[in-house]
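A.B. asks: The structure file entry-v6.cif (mmCIF, C-alpha atoms) is provided below.
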data_structure
loop_
_atom_site.label_atom_id
_atom_site.label_comp_id
_atom_site.auth_asym_id
_atom_site.auth_seq_id
_atom_site.Cartn_x
_atom_site.Cartn_y
_atom_site.Cartn_z
CA MET Q 157 -11.48 12.32 14.16
CA ASN Q 158 -9.18 14.10 16.56
CA THR Q 159 -6.21 13.76 14.19
CA TRP Q 160 -8.19 15.35 11.33
CA ARG Q 161 -8.99 18.36 13.52
CA ARG Q 162 -5.33 18.79 14.51
CA MET Q 163 -4.11 18.64 10.92
CA SER Q 164 -3.29 21.70 8.87
CA PRO Q 165 -5.53 22.58 5.89
CA ALA Q 166 -2.72 21.39 3.63
CA GLY Q 167 -2.68 18.00 5.39
CA ARG Q 168 -6.42 17.64 4.86
CA VAL Q 169 -5.98 18.36 1.16
CA LEU Q 170 -3.33 15.64 1.00
CA LEU Q 171 -5.65 13.08 2.61
CA THR Q 172 -8.41 14.12 0.22
CA THR Q 173 -5.91 13.47 -2.58
CA VAL Q 174 -5.26 9.99 -1.16
CA LEU Q 175 -9.00 9.31 -1.11
CA LEU Q 176 -9.81 10.55 -4.62
CA THR Q 177 -6.80 9.03 -6.34
CA GLY Q 178 -7.55 5.77 -4.54
CA LEU Q 179 -11.16 5.81 -5.70
CA THR Q 180 -10.28 6.38 -9.34
CA THR Q 181 -7.33 3.95 -9.26
CA PHE Q 182 -9.52 1.14 -7.96
CA MET Q 183 -12.26 2.05 -10.43
CA PHE Q 184 -9.71 1.43 -13.17
CA LEU Q 185 -7.41 -1.31 -11.87
CA PRO Q 186 -9.79 -4.28 -11.37
CA LEU Q 187 -11.27 -3.77 -14.84
CA LEU Q 188 -7.98 -3.39 -16.70
CA ALA Q 189 -7.43 -7.06 -17.53
CA LEU Q 190 -11.13 -7.41 -18.41
CA GLU Q 191 -10.91 -4.54 -20.87
CA PHE Q 192 -7.74 -5.90 -22.44
CA THR Q 193 -9.46 -9.25 -22.95
CA ALA Q 194 -12.55 -7.59 -24.39
CA GLN Q 195 -10.31 -5.72 -26.86
CA GLY Q 196 -8.76 -9.00 -28.02
CA VAL Q 197 -5.40 -8.61 -26.31
CA PRO Q 198 -3.85 -12.10 -25.92
CA ALA Q 199 -3.74 -13.51 -22.40
CA ALA Q 200 0.07 -13.54 -22.25
CA ARG Q 201 0.26 -9.89 -23.30
CA THR Q 202 -2.48 -8.98 -20.81
CA GLY Q 203 -0.46 -10.60 -18.03
CA PHE Q 204 2.65 -8.73 -19.13
CA LEU Q 205 0.86 -5.35 -19.15
CA VAL Q 206 -0.76 -5.84 -15.75
CA GLY Q 207 2.56 -7.02 -14.32
CA LEU Q 208 4.32 -4.03 -15.90
CA LEU Q 209 1.97 -1.68 -14.07
CA ALA Q 210 2.82 -3.26 -10.70
CA PHE Q 211 6.55 -3.35 -11.51
CA CYS Q 212 6.72 0.31 -12.55
CA GLY Q 213 4.78 1.32 -9.44
CA GLN Q 214 6.59 -0.62 -6.73
CA GLY Q 215 9.88 -1.24 -8.51
CA PHE Q 216 10.46 2.48 -9.09
CA SER Q 217 9.76 3.41 -5.45
CA LEU Q 218 13.40 3.45 -4.28
CA VAL Q 219 14.29 5.89 -7.07
CA SER Q 220 11.14 7.87 -6.25
CA GLY Q 221 12.29 8.26 -2.65
CA LEU Q 222 15.68 9.56 -3.76
CA ILE Q 223 14.00 12.00 -6.16
CA VAL Q 224 11.65 13.28 -3.42
CA ASP Q 225 14.58 13.98 -1.09
CA ARG Q 226 16.69 15.55 -3.85
CA PHE Q 227 14.19 17.76 -5.69
CA GLY Q 228 11.46 18.37 -3.11
CA THR Q 229 7.85 17.29 -2.96
CA ARG Q 230 6.33 20.06 -5.10
CA SER Q 231 8.36 19.16 -8.20
CA VAL Q 232 7.76 15.46 -7.69
CA LEU Q 233 4.01 15.96 -7.17
CA THR Q 234 3.84 17.89 -10.43
CA ALA Q 235 5.76 15.18 -12.28
CA GLY Q 236 3.61 12.44 -10.74
CA PHE Q 237 0.33 14.06 -11.75
CA ALA Q 238 1.65 14.82 -15.24
CA LEU Q 239 2.84 11.26 -15.81
CA ARG Q 240 -0.41 9.76 -14.57
CA ILE Q 241 -2.58 12.04 -16.70
CA GLY Q 242 -0.39 11.36 -19.74
CA GLY Q 243 -0.45 7.64 -18.99
CA TYR Q 244 -4.26 7.49 -18.85
CA LEU Q 245 -4.48 9.39 -22.14
CA LEU Q 246 -1.95 7.07 -23.82
CA LEU Q 247 -3.83 4.05 -22.49
CA GLY Q 248 -6.99 5.44 -24.07
CA VAL Q 249 -5.18 5.85 -27.38
CA GLY Q 250 -3.80 2.33 -27.15
CA LEU Q 251 -7.29 0.92 -26.53
CA GLY Q 252 -8.83 2.95 -29.33
CA VAL Q 253 -11.08 5.03 -27.04
CA GLY Q 254 -12.80 7.67 -29.15
CA GLY Q 255 -10.88 6.59 -32.26
CA PRO Q 256 -10.42 3.68 -34.65
CA ALA Q 257 -11.13 0.26 -33.18
CA GLY Q 258 -8.23 -2.00 -32.23
CA THR Q 259 -5.32 -1.89 -29.84
CA ARG Q 260 -1.86 -0.36 -30.30
CA LEU Q 261 0.96 -1.91 -28.30
CA VAL Q 262 3.35 1.05 -28.09
CA PRO Q 263 0.87 3.50 -26.52
CA LEU Q 264 -0.39 0.72 -24.25
CA VAL Q 265 3.09 -0.03 -22.90
CA ALA Q 266 4.00 3.65 -22.63
CA GLY Q 267 0.72 4.46 -20.90
CA ILE Q 268 1.01 1.60 -18.41
CA ALA Q 269 4.61 2.56 -17.58
CA ALA Q 270 3.70 6.23 -17.14
CA ILE Q 271 0.77 5.39 -14.84
CA GLY Q 272 2.99 3.13 -12.72
CA VAL Q 273 5.94 5.51 -12.41
CA GLY Q 274 3.63 8.49 -11.91
CA GLY Q 275 1.78 6.66 -9.15
CA SER Q 276 5.07 5.87 -7.43
CA LEU Q 277 6.19 9.52 -7.52
CA LEU Q 278 2.78 10.74 -6.41
CA GLY Q 279 2.37 8.20 -3.62
CA LEU Q 280 5.85 8.69 -2.14
CA SER Q 281 5.67 12.50 -2.18
CA VAL Q 282 2.21 12.57 -0.56
CA LYS Q 283 3.22 10.02 2.10
CA THR Q 284 6.41 11.97 2.84
CA LEU Q 285 4.43 15.17 3.33
CA LEU Q 286 1.92 13.42 5.57
CA VAL Q 287 4.47 11.86 7.94
CA THR Q 288 6.21 15.25 8.32
CA GLU Q 289 2.95 17.01 9.23
CA ASP Q 290 3.45 19.23 12.29
CA GLY Q 291 1.67 18.20 15.48
CA VAL Q 292 0.65 14.70 14.34
CA GLU Q 293 2.57 11.51 15.08
CA PRO Q 294 3.62 9.39 12.07
CA ARG Q 295 1.69 6.40 13.47
CA GLU Q 296 -1.57 8.36 13.56
CA MET Q 297 -1.01 9.83 10.11
CA LEU Q 298 -0.14 6.49 8.54
CA ALA Q 299 -3.21 4.88 10.11
CA LEU Q 300 -5.45 7.68 8.84
CA ARG Q 301 -3.88 7.49 5.38
CA SER Q 302 -4.46 3.73 5.30
CA THR Q 303 -8.12 4.29 6.21
CA PHE Q 304 -8.57 6.70 3.30
CA VAL Q 305 -6.77 4.31 0.93
CA ASN Q 306 -9.06 1.46 1.94
CA ILE Q 307 -12.16 3.54 1.36
CA GLY Q 308 -10.96 3.64 -2.25
CA VAL Q 309 -10.27 -0.09 -2.22
CA VAL Q 310 -13.83 -0.81 -1.07
CA ALA Q 311 -15.77 1.85 -2.99
CA GLY Q 312 -13.65 2.13 -6.15
CA PRO Q 313 -14.50 -1.28 -7.68
CA ALA Q 314 -18.20 -0.69 -7.00
CA LEU Q 315 -18.08 2.68 -8.77
CA GLY Q 316 -16.12 1.12 -11.61
CA ALA Q 317 -18.72 -1.61 -12.01
CA LEU Q 318 -21.46 1.03 -12.25
CA VAL Q 319 -19.60 3.13 -14.84
CA TYR Q 320 -18.09 0.32 -16.94
CA PRO Q 321 -21.28 -0.42 -18.93
CA LEU Q 322 -20.97 3.11 -20.32
CA GLY Q 323 -17.50 2.28 -21.64
CA PHE Q 324 -13.96 2.09 -20.29
CA GLY Q 325 -13.31 5.55 -21.69
CA TRP Q 326 -15.58 7.05 -19.01
CA ILE Q 327 -13.44 5.48 -16.29
CA LEU Q 328 -10.25 6.78 -17.89
CA GLY Q 329 -11.92 10.20 -18.17
CA ALA Q 330 -12.72 10.18 -14.45
CA CYS Q 331 -9.09 9.32 -13.69
CA VAL Q 332 -7.79 12.15 -15.88
CA LEU Q 333 -10.24 14.72 -14.49
CA SER Q 334 -9.58 13.86 -10.83
CA HIS Q 335 -5.80 13.95 -11.28
CA LEU Q 336 -5.98 17.18 -13.25
CA LEU Q 337 -8.05 18.99 -10.61
CA LEU Q 338 -5.96 17.67 -7.72
CA GLY Q 339 -2.75 18.47 -9.57
CA ILE Q 340 -3.85 22.08 -10.11
CA ARG Q 341 -4.80 22.42 -6.44
CA LEU Q 342 -1.54 20.98 -5.11
CA THR Q 343 0.82 22.71 -7.55
CA VAL Q 344 -0.80 26.13 -7.98
CA ARG Q 345 -1.34 26.35 -4.20
CA PRO Q 346 1.52 24.12 -3.13
CA VAL Q 347 1.69 22.16 0.08
CA ARG Q 348 4.68 23.13 2.17
CA ARG Q 349 6.74 20.30 3.56
CA ALA Q 350 7.45 20.35 7.27
CA ALA Q 351 11.16 19.69 6.92
CA PRO Q 352 14.46 21.33 7.90
CA GLY Q 353 15.55 24.48 6.16
CA PRO Q 354 18.79 24.98 4.19
CA ARG Q 355 21.35 22.27 4.87
CA THR Q 356 24.23 23.16 7.12
CA PRO Q 357 26.72 20.89 8.89
CA GLY Q 358 25.04 21.55 12.25
CA LYS Q 359 21.55 20.82 10.97
CA ASP Q 360 22.67 17.71 9.14
CA ALA Q 361 24.24 16.40 12.34
CA ALA Q 362 21.04 17.08 14.29
CA ALA Q 363 18.98 15.40 11.58
CA ARG Q 364 21.18 12.33 11.69
CA ALA Q 365 20.81 12.21 15.47
CA ALA Q 366 17.02 12.39 15.11
CA GLY Q 367 17.20 9.19 13.04
CA ASP Q 368 18.23 7.17 16.14
CA GLY Q 369 21.55 6.25 14.47
CA TRP Q 370 20.29 3.07 12.83
CA GLY Q 371 23.00 1.18 10.99
CA LEU Q 372 22.85 -1.44 8.26
CA TRP Q 373 22.58 -4.31 10.74
CA GLN Q 374 19.48 -2.66 12.23
CA TRP Q 375 17.89 -1.91 8.85
CA LEU Q 376 18.40 -5.50 7.72
CA PRO Q 377 15.75 -7.10 9.99
CA LEU Q 378 13.29 -4.31 9.10
CA CYS Q 379 13.77 -5.02 5.39
CA LEU Q 380 13.45 -8.77 6.01
CA LEU Q 381 10.17 -8.10 7.83
CA GLY Q 382 8.97 -6.03 4.87
CA VAL Q 383 9.74 -8.88 2.48
CA ALA Q 384 8.05 -11.39 4.79
CA TYR Q 385 4.93 -9.24 5.21
CA TRP Q 386 4.32 -8.82 1.51
CA ALA Q 387 5.21 -12.45 0.77
CA ILE Q 388 2.60 -13.59 3.31
CA TYR Q 389 0.02 -10.96 2.38
CA SER Q 390 0.33 -11.74 -1.33
CA GLN Q 391 -1.20 -15.16 -0.68
CA LEU Q 392 -4.56 -13.38 -0.53
CA ASN Q 393 -4.13 -12.94 -4.29
CA VAL Q 394 -2.53 -16.33 -5.06
CA VAL Q 395 -3.43 -19.14 -2.67
CA MET Q 396 -6.61 -17.76 -1.14
CA PRO Q 397 -8.77 -17.30 -4.29
CA ILE Q 398 -8.23 -20.95 -5.24
CA THR Q 399 -8.67 -22.16 -1.66
CA ALA Q 400 -11.84 -20.11 -1.19
CA GLU Q 401 -13.40 -21.54 -4.35
CA ARG Q 402 -12.40 -25.11 -3.46
CA THR Q 403 -13.73 -24.96 0.09
CA THR Q 404 -17.00 -23.16 -0.69
CA GLY Q 405 -17.71 -24.02 -4.33
CA SER Q 406 -18.28 -20.31 -5.05
CA THR Q 407 -16.12 -18.03 -7.21
CA ALA Q 408 -17.50 -15.07 -5.24
CA ALA Q 409 -16.03 -16.31 -1.94
CA ILE Q 410 -12.75 -14.42 -2.25
CA SER Q 411 -14.66 -11.21 -3.07
CA VAL Q 412 -16.50 -11.57 0.23
CA VAL Q 413 -13.16 -11.93 2.01
CA PHE Q 414 -11.82 -8.73 0.43
CA ILE Q 415 -15.00 -6.76 1.14
CA VAL Q 416 -15.00 -7.76 4.83
CA ASN Q 417 -11.26 -7.10 5.03
CA GLY Q 418 -11.53 -3.63 3.52
CA ALA Q 419 -14.54 -2.68 5.64
CA LEU Q 420 -12.80 -3.75 8.86
CA VAL Q 421 -9.70 -1.73 7.99
CA VAL Q 422 -11.77 1.38 7.25
CA LEU Q 423 -13.78 1.05 10.46
CA CYS Q 424 -11.14 -0.15 12.92
CA GLN Q 425 -7.54 0.64 11.94
CA TYR Q 426 -7.39 4.28 13.01
CA THR Q 427 -9.08 3.60 16.36
CA LEU Q 428 -6.86 0.58 16.96
CA LEU Q 429 -3.59 2.43 16.39
CA ARG Q 430 -4.64 5.85 17.70
CA HIS Q 431 -6.30 4.73 20.94
CA VAL Q 432 -5.84 1.03 21.75
CA PHE Q 433 -2.15 0.63 20.82
CA HIS Q 434 -1.06 4.27 20.95
CA ARG Q 435 1.64 3.61 23.56
CA ALA Q 436 2.87 0.29 22.20
CA GLN Q 437 6.30 0.02 20.63
CA ALA Q 438 6.26 -0.52 16.87
CA ARG Q 439 8.20 -3.75 17.21
CA THR Q 440 5.52 -5.03 19.62
CA LEU Q 441 2.87 -4.29 17.01
CA LEU Q 442 4.92 -6.14 14.40
CA LEU Q 443 5.28 -9.14 16.73
CA ALA Q 444 1.53 -9.20 17.37
CA GLY Q 445 0.77 -8.76 13.67
CA PHE Q 446 2.88 -11.68 12.51
CA LEU Q 447 1.48 -13.89 15.27
CA ALA Q 448 -1.98 -12.96 13.96
CA PHE Q 449 -0.87 -14.02 10.47
CA ALA Q 450 0.19 -17.40 11.87
CA LEU Q 451 -3.19 -17.79 13.58
CA ALA Q 452 -5.06 -16.82 10.40
CA TYR Q 453 -3.40 -19.40 8.16
CA ALA Q 454 -3.50 -22.07 10.90
CA VAL Q 455 -7.30 -21.86 10.68
CA PHE Q 456 -7.25 -23.92 7.46
CA ILE Q 457 -5.45 -26.87 9.05
CA PRO Q 458 -8.54 -28.11 10.95
CA LEU Q 459 -11.35 -26.10 9.29
CA THR Q 460 -12.92 -25.77 5.85
CA GLY Q 461 -15.87 -24.10 4.12
CA TRP Q 462 -17.39 -20.65 4.62
CA PHE Q 463 -16.84 -20.80 8.38
CA SER Q 464 -13.08 -21.13 7.89
CA LEU Q 465 -13.04 -18.02 5.66
CA PHE Q 466 -14.90 -15.89 8.20
CA VAL Q 467 -12.60 -17.09 11.00
CA PHE Q 468 -9.58 -16.40 8.76
CA VAL Q 469 -10.50 -12.85 7.77
CA LEU Q 470 -10.46 -11.47 11.34
CA PRO Q 471 -6.83 -12.27 12.32
CA VAL Q 472 -5.51 -11.61 8.79
CA THR Q 473 -7.10 -8.14 8.85
CA PHE Q 474 -5.76 -7.54 12.36
CA ALA Q 475 -2.29 -8.43 11.06
CA GLU Q 476 -2.61 -6.05 8.12
CA MET Q 477 -3.80 -3.19 10.35
CA LEU Q 478 -0.80 -3.56 12.67
CA ILE Q 479 2.05 -4.46 10.33
CA SER Q 480 1.66 -2.21 7.32
CA PRO Q 481 1.78 1.19 9.10
CA SER Q 482 4.29 -0.08 11.68
CA LEU Q 483 6.84 -0.91 8.98
CA ASP Q 484 6.62 2.60 7.57
CA GLU Q 485 6.69 4.11 11.06
CA GLN Q 486 9.86 2.22 11.92
CA ALA Q 487 11.46 3.34 8.65
CA VAL Q 488 10.57 6.99 9.25
CA ARG Q 489 11.86 6.94 12.82
CA ALA Q 490 15.07 5.17 11.78
CA SER Q 491 15.96 7.72 9.10
CA SER Q 492 17.14 11.28 9.08
CA PRO Q 493 14.38 13.85 8.38
CA LEU Q 494 16.45 14.69 5.30
CA ARG Q 495 15.97 11.12 4.05
CA THR Q 496 12.30 10.45 4.77
CA GLY Q 497 11.51 9.89 1.10
CA LEU Q 498 14.33 7.39 0.73
CA ALA Q 499 13.22 5.50 3.86
CA LEU Q 500 9.64 5.17 2.63
CA GLY Q 501 10.82 4.33 -0.88
CA THR Q 502 13.03 1.59 0.52
CA MET Q 503 10.06 -0.02 2.27
CA SER Q 504 8.00 0.15 -0.94
CA ALA Q 505 10.83 -1.45 -2.92
CA VAL Q 506 11.15 -4.16 -0.28
CA GLY Q 507 7.40 -4.71 -0.70
CA ALA Q 508 7.88 -5.23 -4.43
CA VAL Q 509 10.49 -7.92 -3.75
CA GLY Q 510 8.24 -9.57 -1.18
CA SER Q 511 5.22 -9.57 -3.49
CA LEU Q 512 7.23 -11.15 -6.31
CA LEU Q 513 8.73 -13.82 -4.04
CA GLY Q 514 5.39 -14.46 -2.36
CA SER Q 515 3.51 -14.86 -5.61
CA SER Q 516 6.13 -17.29 -6.90
CA MET Q 517 6.13 -19.19 -3.60
CA GLY Q 518 2.33 -19.40 -3.56
CA GLY Q 519 2.20 -20.81 -7.07
CA TYR Q 520 4.91 -23.34 -6.27
CA LEU Q 521 3.15 -24.46 -3.08
CA LEU Q 522 -0.16 -24.91 -4.88
CA GLN Q 523 1.49 -26.97 -7.59
CA SER Q 524 3.79 -29.08 -5.42
CA LEU Q 525 1.53 -29.63 -2.40
CA SER Q 526 -1.74 -29.89 -4.35
CA GLY Q 527 -3.68 -27.73 -1.93
CA GLY Q 528 -2.86 -29.89 1.11
CA ARG Q 529 -2.22 -28.85 4.70
CA GLY Q 530 1.48 -28.42 3.94
CA ILE Q 531 0.71 -25.01 2.41
CA TRP Q 532 -0.67 -23.74 5.71
CA LEU Q 533 2.21 -25.21 7.71
CA VAL Q 534 4.69 -23.33 5.49
CA LEU Q 535 2.81 -20.03 5.86
CA VAL Q 536 2.41 -20.47 9.62
CA SER Q 537 6.13 -21.23 9.96
CA LEU Q 538 7.08 -18.17 7.88
CA SER Q 539 4.81 -15.98 10.02
CA LEU Q 540 6.35 -17.28 13.25
CA CYS Q 541 9.89 -16.71 11.91
CA ALA Q 542 8.93 -13.13 11.04
CA ALA Q 543 7.47 -12.64 14.54
CA LEU Q 544 10.79 -13.72 16.06
CA THR Q 545 12.71 -11.46 13.65
CA SER Q 546 10.72 -8.45 14.87
CA LEU Q 547 12.39 -8.88 18.26
CA LEU Q 548 15.73 -8.00 16.60
CA LEU Q 549 14.53 -4.43 16.00
CA PRO Q 550 15.82 -1.78 18.44
CA LYS Q 551 13.51 -0.82 21.27
CA ALA Q 552 12.03 2.60 20.63
CA ARG Q 553 8.86 3.70 22.37
CA ALA Q 554 6.38 5.53 20.18
CA GLN Q 555 6.40 9.25 20.79
CA HIS Q 556 3.12 10.82 21.76
CA GLY Q 557 1.91 14.21 22.71
#
Re-express the file's structure as structure tokens.
C.D. replies:
Amino acid sequence: MNTWRRMSPAGRVLLTTVLLTGLTTFMFLPLLALEFTAQGVPAARTGFLVGLLAFCGQGFSLVSGLIVDRFGTRSVLTAGFALRIGGYLLLGVGLGVGGPAGTRLVPLVAGIAAIGVGGSLLGLSVKTLLVTEDGVEPREMLALRSTFVNIGVVAGPALGALVYPLGFGWILGACVLSHLLLGIRLTVRPVRRAAPGPRTPGKDAAARAAGDGWGLWQWLPLCLLGVAYWAIYSQLNVVMPITAERTTGSTAAISVVFIVNGALVVLCQYTLLRHVFHRAQARTLLLAGFLAFALAYAVFIPLTGWFSLFVFVLPVTFAEMLISPSLDEQAVRASSPLRTGLALGTMSAVGAVGSLLGSSMGGYLLQSLSGGRGIWLVLVSLSLCAALTSLLLPKARAQHG
């Protein structure tokens, strides 16, 4: 990849960190509820613990962004790695790994919270460093980062399934070891952030000018688009598993959708954003992405069965590939270089709100509309409204070298 060759050695280490932490996270995450159930944790408590992990990860992101900007990426990286390692160890204690059988609620809750908060600190600091990499446009870097993340999404569960028969402790051990080695590499030989030097009135003014002078009224549609994206995307975890099973009669149908989705993102996203749409405005990509969402969910109005799923997965993946990095790109370009962490943290926090609202909406639609075509009409309408909202964003052509 041309972008990989133009990156600094430190940038390559950061992307390797994204890959390895993604692999171990998705080795661990899909099996978490299964392990809780196997250990006799009640279903309600299992749901609470899994939800707590998501809340501490996404819900803490706004604070994480402020901390990154205030204390610098090296300190936050160190704290993120330490919290994650400590969280995995506490989770092992809570599950009785290597000790007396039985579960312990306090270490389980503390471990889950530490993993979530640590992941938020780690993810925001790494993303902030990547988008401030010299000589590489944020759009390219975000696309490449997304590719590395999705390698973990695709390969991590497969690795977890291979290791799980040996015991959940082996998976936790892999998580601890990978984070320990990466933490040593990134803190003993720290990655330098490409950011302004000491703050002075002149530099602060220049930094504010570099942020395109976005005001609250301009940030508002971007945040609304972030909420809409995650509300629509979350239906892959709420409405789609039930729909896929109903239309095909197979519980494995949704797994096929996710595998194809992840593979397409890994293979196509970087090329799509780096070469095909390199000169397109970010708001144009958002418009196209939300229109693709509308097309994807409209598929289920006339179609059903396996064919409908395979038709659905192409536009929904296209939407994901365009919207997700474009939201972060818009946030980075709209903010001062001194507030990159806060901008990215804001978009992550908006994503948490969208996921919560989307999950609630999906459950309500399934219950009230009984799986009828009304569900798809609502999702198509929401996608079209978001597409129109993207036109409210300021025009700003992507910079390219």
A.B. asks: Name all residues at most 7 Å from range 312-328 of chain Q (count only C-alpha atoms; drop same-chain ones fewer than 2 positions away) and give them as number ranges by chain.
C.D. replies: Q: 179-180, 182-184, 186, 244, 248, 253, 308-310, 330-332
A.B. asks: Show which residues sit within 9 Å of Ala543 in chain Q, as a list of chain:residue names. Count only C-alpha atoms, and ignore same-chain residues fewer than 4 positions away.
C.D. replies: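 Those residues are Q:Leu381, Q:Leu442, Q:Leu443, Q:Ala444, Q:Gly445, Q:Phe446, Q:Leu447, Q:Leu538, Q:Ser539, Q:Leu547.
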A.B. asks: For this file, the PyMOL selection byres ((chain Q and resi 507) around 12) selects which residues, as a ChimeraX atom specification?
C.D. replies: /Q:210-211,213-218,378-390,480,483-484,500-506,508-515
A.B. asks: Next, write the just-selected residues to a file, as a PDB file, in the coordinates of the input, keeping C-alpha atoms as the atom set.
C.D. replies:
ATOM      1  CA  ALA Q 210       2.820  -3.260 -10.700  1.00  0.00           C
ATOM      2  CA  PHE Q 211       6.550  -3.350 -11.510  1.00  0.00           C
ATOM      3  CA  GLY Q 213       4.780   1.320  -9.440  1.00  0.00           C
ATOM      4  CA  GLN Q 214       6.590  -0.620  -6.730  1.00  0.00           C
ATOM      5  CA  GLY Q 215       9.880  -1.240  -8.510  1.00  0.00           C
ATOM      6  CA  PHE Q 216      10.460   2.480  -9.090  1.00  0.00           C
ATOM      7  CA  SER Q 217       9.760   3.410  -5.450  1.00  0.00           C
ATOM      8  CA  LEU Q 218      13.400   3.450  -4.280  1.00  0.00           C
ATOM      9  CA  LEU Q 378      13.290  -4.310   9.100  1.00  0.00           C
ATOM     10  CA  CYS Q 379      13.770  -5.020   5.390  1.00  0.00           C
ATOM     11  CA  LEU Q 380      13.450  -8.770   6.010  1.00  0.00           C
ATOM     12  CA  LEU Q 381      10.170  -8.100   7.830  1.00  0.00           C
ATOM     13  CA  GLY Q 382       8.970  -6.030   4.870  1.00  0.00           C
ATOM     14  CA  VAL Q 383       9.740  -8.880   2.480  1.00  0.00           C
ATOM     15  CA  ALA Q 384       8.050 -11.390   4.790  1.00  0.00           C
ATOM     16  CA  TYR Q 385       4.930  -9.240   5.210  1.00  0.00           C
ATOM     17  CA  TRP Q 386       4.320  -8.820   1.510  1.00  0.00           C
ATOM     18  CA  ALA Q 387       5.210 -12.450   0.770  1.00  0.00           C
ATOM     19  CA  ILE Q 388       2.600 -13.590   3.310  1.00  0.00           C
ATOM     20  CA  TYR Q 389       0.020 -10.960   2.380  1.00  0.00           C
ATOM     21  CA  SER Q 390       0.330 -11.740  -1.330  1.00  0.00           C
ATOM     22  CA  SER Q 480       1.660  -2.210   7.320  1.00  0.00           C
ATOM     23  CA  LEU Q 483       6.840  -0.910   8.980  1.00  0.00           C
ATOM     24  CA  ASP Q 484       6.620   2.600   7.570  1.00  0.00           C
ATOM     25  CA  LEU Q 500       9.640   5.170   2.630  1.00  0.00           C
ATOM     26  CA  GLY Q 501      10.820   4.330  -0.880  1.00  0.00           C
ATOM     27  CA  THR Q 502      13.030   1.590   0.520  1.00  0.00           C
ATOM     28  CA  MET Q 503      10.060  -0.020   2.270  1.00  0.00           C
ATOM     29  CA  SER Q 504       8.000   0.150  -0.940  1.00  0.00           C
ATOM     30  CA  ALA Q 505      10.830  -1.450  -2.920  1.00  0.00           C
ATOM     31  CA  VAL Q 506      11.150  -4.160  -0.280  1.00  0.00           C
ATOM     32  CA  ALA Q 508       7.880  -5.230  -4.430  1.00  0.00           C
ATOM     33  CA  VAL Q 509      10.490  -7.920  -3.750  1.00  0.00           C
ATOM     34  CA  GLY Q 510       8.240  -9.570  -1.180  1.00  0.00           C
ATOM     35  CA  SER Q 511       5.220  -9.570  -3.490  1.00  0.00           C
ATOM     36  CA  LEU Q 512       7.230 -11.150  -6.310  1.00  0.00           C
ATOM     37  CA  LEU Q 513       8.730 -13.820  -4.040  1.00  0.00           C
ATOM     38  CA  GLY Q 514       5.390 -14.460  -2.360  1.00  0.00           C
ATOM     39  CA  SER Q 515       3.510 -14.860  -5.610  1.00  0.00           C
TER      40      SER Q 515
END
A.B. asks: So, counting all atoms listed in the file, which residue among Q:Cys541, Q:Ala436, Q:Ile340, Q:Leu176 is closest to Ala238 in chain Q?
C.D. replies: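 Distance minimum relative to Ala238 in chain Q lands on Q:Ile340.
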A.B. asks: Can you work out which one of Q:Leu478, Q:Val432, Q:Ser491, Q:Leu535 has the shortest atom-to-atom distance to Ile457 in chain Q, counting all atoms listed in the file?
C.D. replies: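 Using all atoms listed in the file, the shortest distance to Ile457 in chain Q belongs to Q:Leu535.
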A.B. asks: To verify the selection step, state as an MDAnalysis selection string which residues the PyMOL selection byres ((chain Q and resi 431) around 12) yields on this input.
C.D. replies: chainID Q and resid 157:159 295:296 299 424:430 432:436 556
A.B. asks: Just give me the gap between CA of Leu277 in chain Q and CA of Ala499 in chain Q in Å, one decimal is fine.
C.D. replies: 14.0 Å
A.B. asks: For CA of Ser220 in chain Q and CA of Leu175 in chain Q, determine how far apart the two atoms are, in Å to one decimal place.
C.D. replies: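 Those two atoms sit 20.8 Å apart.
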A.B. asks: Report as a ChimeraX atom specification the residues that result from applying the PyMOL selection byres ((chain Q and resi 460-469) around 12) to the structure here.
C.D. replies: /Q:389,392,396-397,399-406,408-421,448-459,470-476,528-529,532
